[in-house]
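Chemist: To be precise about what I am sending: the file is called upload_19.csv and holds CSV, C-alpha atoms.
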chain,number,residue,atom,x,y,z
C,22,MET,CA,12.9,-1.7,-5.2
C,23,GLU,CA,16.0,-0.3,-3.5
C,24,LYS,CA,16.6,2.1,-6.3
C,25,THR,CA,13.0,3.2,-6.2
C,26,PHE,CA,13.0,3.8,-2.5
C,27,THR,CA,16.4,5.6,-2.7
C,28,THR,CA,14.9,7.9,-5.3
C,29,LEU,CA,12.0,8.8,-3.0
C,30,ASN,CA,14.5,9.6,-0.3
C,31,GLN,CA,16.5,11.8,-2.7
C,32,LEU,CA,13.3,13.6,-3.7
C,33,GLU,CA,12.8,14.5,0.0
C,34,ALA,CA,16.5,15.4,0.5
C,35,ALA,CA,16.3,17.7,-2.6
C,36,GLY,CA,13.2,19.5,-1.1
C,37,LEU,CA,10.9,18.5,-4.0
C,38,VAL,CA,8.7,16.9,-1.4
C,39,THR,CA,8.5,18.0,2.3
C,40,ARG,CA,7.7,14.5,3.4
C,41,TYR,CA,6.6,11.3,1.7
C,42,ALA,CA,5.0,8.1,2.8
C,43,ILE,CA,4.1,5.0,0.8
C,44,GLY,CA,0.4,4.0,1.0
C,45,GLY,CA,-2.0,1.8,-0.9
C,46,ALA,CA,-1.7,-1.9,-1.5
C,47,PHE,CA,2.0,-2.0,-1.6
C,48,ALA,CA,2.2,-0.4,1.9
C,49,LEU,CA,-0.1,-3.1,3.1
C,50,SER,CA,2.3,-5.7,2.0
C,51,PHE,CA,4.7,-4.5,4.8
C,52,TYR,CA,2.1,-5.7,7.3
C,53,THR,CA,0.1,-8.5,5.7
C,54,GLU,CA,0.5,-11.2,3.1
C,55,PRO,CA,1.6,-9.8,-0.3
C,56,ILE,CA,-1.2,-8.1,-2.2
C,57,VAL,CA,-1.2,-8.0,-5.9
C,58,THR,CA,-0.6,-4.5,-7.2
C,59,PHE,CA,1.3,-3.1,-10.2
C,60,ASP,CA,2.1,0.3,-8.8
C,61,VAL,CA,3.4,2.1,-5.7
C,62,ASP,CA,1.2,4.9,-4.3
C,63,VAL,CA,3.3,7.6,-2.7
C,64,PHE,CA,1.5,10.3,-0.6
C,65,VAL,CA,3.5,13.5,-0.5
C,66,PHE,CA,3.5,16.9,1.2
C,67,VAL,CA,4.7,19.4,-1.3
C,68,PRO,CA,6.3,22.9,-0.6
C,69,ASN,CA,3.8,25.7,-0.9
C,70,ALA,CA,0.9,23.3,-0.3
C,71,ASP,CA,-1.2,26.3,0.9
C,72,SER,CA,-1.2,27.7,-2.6
C,73,PRO,CA,-4.4,27.2,-4.5
C,74,LEU,CA,-2.3,25.8,-7.3
C,75,VAL,CA,-0.6,22.8,-5.8
C,76,SER,CA,1.6,21.2,-8.5
C,77,LEU,CA,3.5,18.0,-8.7
C,78,ALA,CA,5.2,19.2,-11.9
C,79,PRO,CA,8.6,19.9,-10.2
C,80,ILE,CA,8.7,16.2,-9.0
C,81,TYR,CA,8.0,15.0,-12.6
C,82,ASP,CA,10.6,17.4,-14.0
C,83,TYR,CA,13.2,16.2,-11.5
C,84,LEU,CA,12.5,12.6,-12.2
C,85,ARG,CA,12.4,13.0,-16.0
C,86,ASP,CA,15.8,14.6,-15.9
C,87,ARG,CA,17.0,11.5,-14.1
C,88,GLY,CA,15.7,9.1,-16.7
C,89,CYS,CA,12.4,8.2,-15.1
C,90,PRO,CA,9.7,8.3,-17.9
C,91,GLU,CA,6.1,9.2,-17.3
C,92,GLN,CA,3.5,6.5,-18.1
C,93,ARG,CA,-0.1,7.8,-17.8
C,94,GLU,CA,-0.6,8.7,-14.1
C,95,HIS,CA,2.7,7.1,-13.1
C,96,VAL,CA,6.4,7.8,-13.2
C,97,VAL,CA,8.4,4.7,-13.8
C,98,ILE,CA,11.3,4.7,-11.3
C,99,ALA,CA,13.8,1.8,-11.9
C,100,GLY,CA,11.0,-0.2,-13.6
C,101,THR,CA,8.4,0.4,-10.9
C,102,PRO,CA,5.4,2.6,-11.7
C,103,VAL,CA,5.0,5.1,-8.9
C,104,GLN,CA,2.0,7.4,-8.5
C,105,PHE,CA,2.5,10.6,-6.5
C,106,ILE,CA,-0.6,11.8,-4.7
C,107,ALA,CA,-0.6,15.1,-2.8
C,108,ALA,CA,-2.0,14.4,0.7
C,109,PHE,CA,-5.6,15.4,0.0
C,110,ASN,CA,-7.5,15.2,3.3
C,111,PRO,CA,-6.8,15.5,7.0
C,112,LEU,CA,-6.7,11.7,7.4
C,113,VAL,CA,-4.0,11.2,4.8
C,114,GLU,CA,-2.1,14.3,6.1
C,115,GLU,CA,-2.0,12.7,9.6
C,116,GLY,CA,-1.0,9.4,8.0
C,117,VAL,CA,2.0,11.0,6.3
C,118,ARG,CA,3.0,13.0,9.4
C,119,GLU,CA,3.0,9.8,11.6
C,120,ALA,CA,4.3,7.3,9.0
C,121,LEU,CA,7.0,5.0,10.1
C,122,ASP,CA,10.5,4.5,8.8
C,123,LYS,CA,11.1,0.9,7.7
C,124,MET,CA,14.0,-0.8,6.0
C,125,PHE,CA,14.1,-2.6,2.7
C,126,LYS,CA,17.4,-4.4,2.6
C,127,ALA,CA,19.7,-1.5,3.4
C,128,VAL,CA,17.4,1.3,2.3
C,129,ARG,CA,15.2,3.4,4.6
C,130,VAL,CA,11.6,3.8,3.3
C,131,ARG,CA,8.7,5.6,5.0
C,132,VAL,CA,5.4,3.7,5.1
C,133,LEU,CA,2.0,4.7,6.5
C,134,ARG,CA,1.1,3.0,9.7
C,135,LEU,CA,-1.2,0.0,9.5
C,136,GLU,CA,-3.9,1.8,11.4
C,137,HIS,CA,-3.9,4.8,9.0
C,138,LEU,CA,-4.0,2.4,6.0
C,139,ALA,CA,-7.1,0.7,7.6
C,140,ALA,CA,-8.8,4.0,8.3
C,141,ILE,CA,-8.1,5.2,4.7
C,142,MET,CA,-9.6,1.9,3.3
C,143,LEU,CA,-12.6,2.4,5.6
C,144,LYS,CA,-13.1,6.0,4.5
C,145,THR,CA,-12.6,5.2,0.8
C,146,GLY,CA,-15.1,2.3,1.1
C,147,ARG,CA,-14.8,0.8,-2.4
C,148,ALA,CA,-15.6,-2.9,-2.7
C,149,LYS,CA,-11.9,-3.7,-3.0
C,150,ASP,CA,-11.1,-1.5,0.1
C,151,ASN,CA,-13.8,-3.4,2.1
C,152,ALA,CA,-12.4,-6.8,1.0
C,153,ARG,CA,-8.8,-5.8,1.8
C,154,LEU,CA,-9.7,-4.3,5.1
C,155,ALA,CA,-11.5,-7.5,6.1
C,156,GLN,CA,-8.4,-9.5,5.1
C,157,VAL,CA,-6.1,-7.2,7.0
C,158,ILE,CA,-8.2,-7.6,10.2
C,159,GLU,CA,-8.0,-11.4,9.8
C,160,VAL,CA,-4.2,-11.6,9.7
C,161,THR,CA,-2.9,-8.6,11.6
C,162,LYS,CA,-3.4,-6.9,14.9
C,163,LEU,CA,-4.3,-3.3,14.9
C,164,ASP,CA,-3.2,-1.1,17.8
C,165,GLU,CA,-6.8,-0.8,19.1
C,166,LEU,CA,-6.3,2.4,21.1
C,167,PHE,CA,-4.4,4.2,18.3
C,168,PHE,CA,-7.0,3.0,15.7
C,169,ARG,CA,-9.9,4.2,17.9
C,170,GLY,CA,-8.2,7.6,18.1
C,171,ILE,CA,-8.0,7.9,14.4
C,172,LEU,CA,-11.6,6.9,13.9
C,173,GLU,CA,-12.7,9.5,16.4
C,174,ARG,CA,-10.5,12.3,15.0
C,175,HIS,CA,-11.8,11.7,11.5
C,176,ALA,CA,-15.5,11.0,12.2
C,177,LEU,CA,-15.2,7.3,11.1
C,178,THR,CA,-16.5,5.6,14.2
C,179,ALA,CA,-20.0,5.0,12.8
C,180,ALA,CA,-18.5,3.7,9.5
C,181,TRP,CA,-16.3,1.3,11.5
C,182,THR,CA,-19.4,0.0,13.4
C,183,LYS,CA,-21.2,-0.5,10.1
C,184,PHE,CA,-18.2,-2.3,8.6
C,185,GLN,CA,-17.9,-4.6,11.5
C,186,GLU,CA,-21.6,-5.5,11.3
C,187,ARG,CA,-21.3,-6.2,7.5
C,188,PHE,CA,-17.9,-7.9,7.2
C,189,LEU,CA,-16.5,-9.2,10.5
Q,8,MET,CA,-26.1,-29.9,9.4
Q,9,ASN,CA,-23.6,-32.5,10.4
Q,10,PRO,CA,-21.5,-31.0,13.2
Q,11,ARG,CA,-18.5,-33.1,12.2
Q,12,LEU,CA,-18.5,-31.6,8.7
Q,13,GLN,CA,-18.8,-28.1,10.2
Q,14,GLU,CA,-15.9,-28.8,12.5
Q,15,LEU,CA,-13.7,-30.0,9.6
Q,16,ALA,CA,-14.6,-26.9,7.6
Q,17,GLU,CA,-13.8,-24.6,10.5
Q,18,ALA,CA,-10.5,-26.4,11.0
Q,19,SER,CA,-9.7,-25.9,7.4
Q,20,PHE,CA,-10.5,-22.2,7.5
Q,21,GLN,CA,-8.3,-21.8,10.6
Q,22,GLN,CA,-5.4,-23.5,8.8
Q,23,LYS,CA,-5.7,-21.2,5.9
Q,24,LYS,CA,-5.8,-18.2,8.2
Q,25,GLU,CA,-2.7,-19.5,9.9
Q,26,ARG,CA,-0.8,-19.9,6.6
Q,27,ARG,CA,-1.8,-16.3,5.7
Q,28,ARG,CA,-0.4,-15.1,9.0
Q,29,GLU,CA,2.8,-17.0,8.3
Q,30,LEU,CA,3.0,-15.2,4.9
Q,31,ALA,CA,2.4,-11.9,6.6
Q,32,ALA,CA,5.2,-12.5,9.0
Q,33,LEU,CA,7.8,-12.9,6.2
Q,34,PRO,CA,10.4,-10.2,5.7
Q,35,ILE,CA,9.3,-7.6,3.2
Q,36,GLU,CA,12.1,-8.5,0.8
Q,37,GLU,CA,10.6,-12.1,0.5
Q,38,LYS,CA,7.1,-10.7,0.2
Q,39,VAL,CA,8.2,-8.6,-2.7
Q,40,GLU,CA,9.6,-11.7,-4.4
Q,41,ILE,CA,6.2,-13.4,-3.9
Q,42,LEU,CA,4.5,-10.2,-5.2
Q,43,ARG,CA,6.6,-10.4,-8.4
Q,44,LEU,CA,5.5,-14.0,-9.0
Q,45,LEU,CA,1.9,-13.0,-8.4
Q,46,GLN,CA,2.3,-10.1,-10.8
Q,47,LYS,CA,3.6,-12.4,-13.4
Q,48,MET,CA,0.8,-14.9,-13.0
Q,49,THR,CA,-1.8,-12.1,-13.1
Q,50,ALA,CA,-0.2,-10.5,-16.1
Q,51,ASP,CA,-0.2,-13.9,-18.0
Q,52,ILE,CA,-3.9,-14.4,-17.2
Q,53,ALA,CA,-4.9,-10.9,-18.1
Q,54,TRP,CA,-3.0,-11.3,-21.5
Q,55,GLU,CA,-4.4,-14.7,-22.2
Q,56,MET,CA,-8.0,-14.0,-21.3
Q,57,ARG,CA,-8.5,-10.4,-22.1
Q,58,GLY,CA,-5.5,-9.3,-24.2
Q,59,VAL,CA,-4.7,-6.8,-21.5
Q,60,LYS,CA,-1.0,-6.0,-21.1
Q,61,LEU,CA,0.3,-5.6,-17.5
Q,62,ASN,CA,3.9,-5.2,-16.6
Q,63,PRO,CA,5.4,-7.1,-13.7
Q,64,TRP,CA,8.1,-5.3,-11.9
Q,65,PRO,CA,11.5,-6.2,-13.3
Q,66,VAL,CA,14.0,-7.9,-10.9
Q,67,ALA,CA,16.5,-5.4,-12.4
Q,68,SER,CA,14.8,-2.6,-10.5
Q,69,ASP,CA,16.6,-4.0,-7.4
Q,70,ARG,CA,19.9,-3.0,-8.9
Using structure tokens, write down the structure that the file contains.
Modeler:
Amino acid sequence: MEKTFTTLNQLEAAGLVTRYAIGGAFALSFYTEPIVTFDVDVFVFVPNADSPLVSLAPIYDYLRDRGCPEQREHVVIAGTPVQFIAAFNPLVEEGVREALDKMFKAVRVRVLRLEHLAAIMLKTGRAKDNARLAQVIEVTKLDELFFRGILERHALTAAWTKFQERFL
Amino acid sequence: MNPRLQELAEASFQQKKERRRELAALPIEEKVEILRLLQKMTADIAWEMRGVKLNPWPVASDR
């Protein structure tokens, strides 16, 4: 994993991404019990994101030149399939902006905050998101004030009330 | 319903929750090792039961 995270930091240092943050099930593992997943989701801001043709191709080119093969929707970095996802809505954008630096052994890696991960699961709302969110609530403690703020800014308060009625 | 049985069930759920909290509190490096074991088990089951090939992350990716 260290090599994978180092490569993400290099992508940012090289300007291929303006900022990155790990999301998805792997990011949750920083906060909860380990959750089975076979890939690492990485949300990115890319240069020229205002252009109608946002492309991740420069990232793929850079990594290919460094021996990281593509495998369907993933790039395999040091044996770990990584999926790059351009930050696609205001909630994810805010999550990437406010993501936290964490350490894995001696390597810095940026990870979405737990409250943003919870809000993204709530917004996405697939069966597995609901199940995971309920698990997260059981074993972790959200920063209530911060989470409420996210819910309000992204019009998720009603969805949260409904989720609580159904699952908690 | 027998209240004693209900009490025992509740205690068991609480213990499980407590163990999950202990797992959550482990350092991320240890959680990744556990994740690798879970990946291997999941991959074995997927292959045995469905013929689906999943690739656990290699330990070598740490080097």
Chemist: Between C:Ile106, C:Leu77, C:Ala42, C:Val117, which one has atoms that come closest to Asn30 in chain C, using all atoms listed in the file?
Modeler: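 Distance minimum relative to Asn30 in chain C lands on C:Ala42.
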Chemist: Given all atoms listed in the file as the basis, pick out the residue of C:Val65, C:Ile56, C:Leu74, C:Ala152 nearest to chain Q.
Modeler: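 That would be C:Ile56, the residue with the smallest distance to chain Q.
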Chemist: Residues of chain Q within 7 Å of chain C, counting all atoms listed in the file - could you list those as a ChimeraX atom specification?
Modeler: /Q:24,27-28,30-31,35-36,38,41-42,45-46,63-65,68-70
Chemist: Between CA of Gln92 in chain C and CA of Gln104 in chain C, what is the distance, to one decimal in Å?
Modeler: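 Here the two named atoms are 9.8 Å from each other.
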Chemist: Kindly give the distance, in Å, that separates CA of Asp150 in chain C and CA of Gln21 in chain Q, rounded to a single decimal.
Modeler: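 Value for the CA of Asp150 in chain C-CA of Gln21 in chain Q distance: 23.0 Å.
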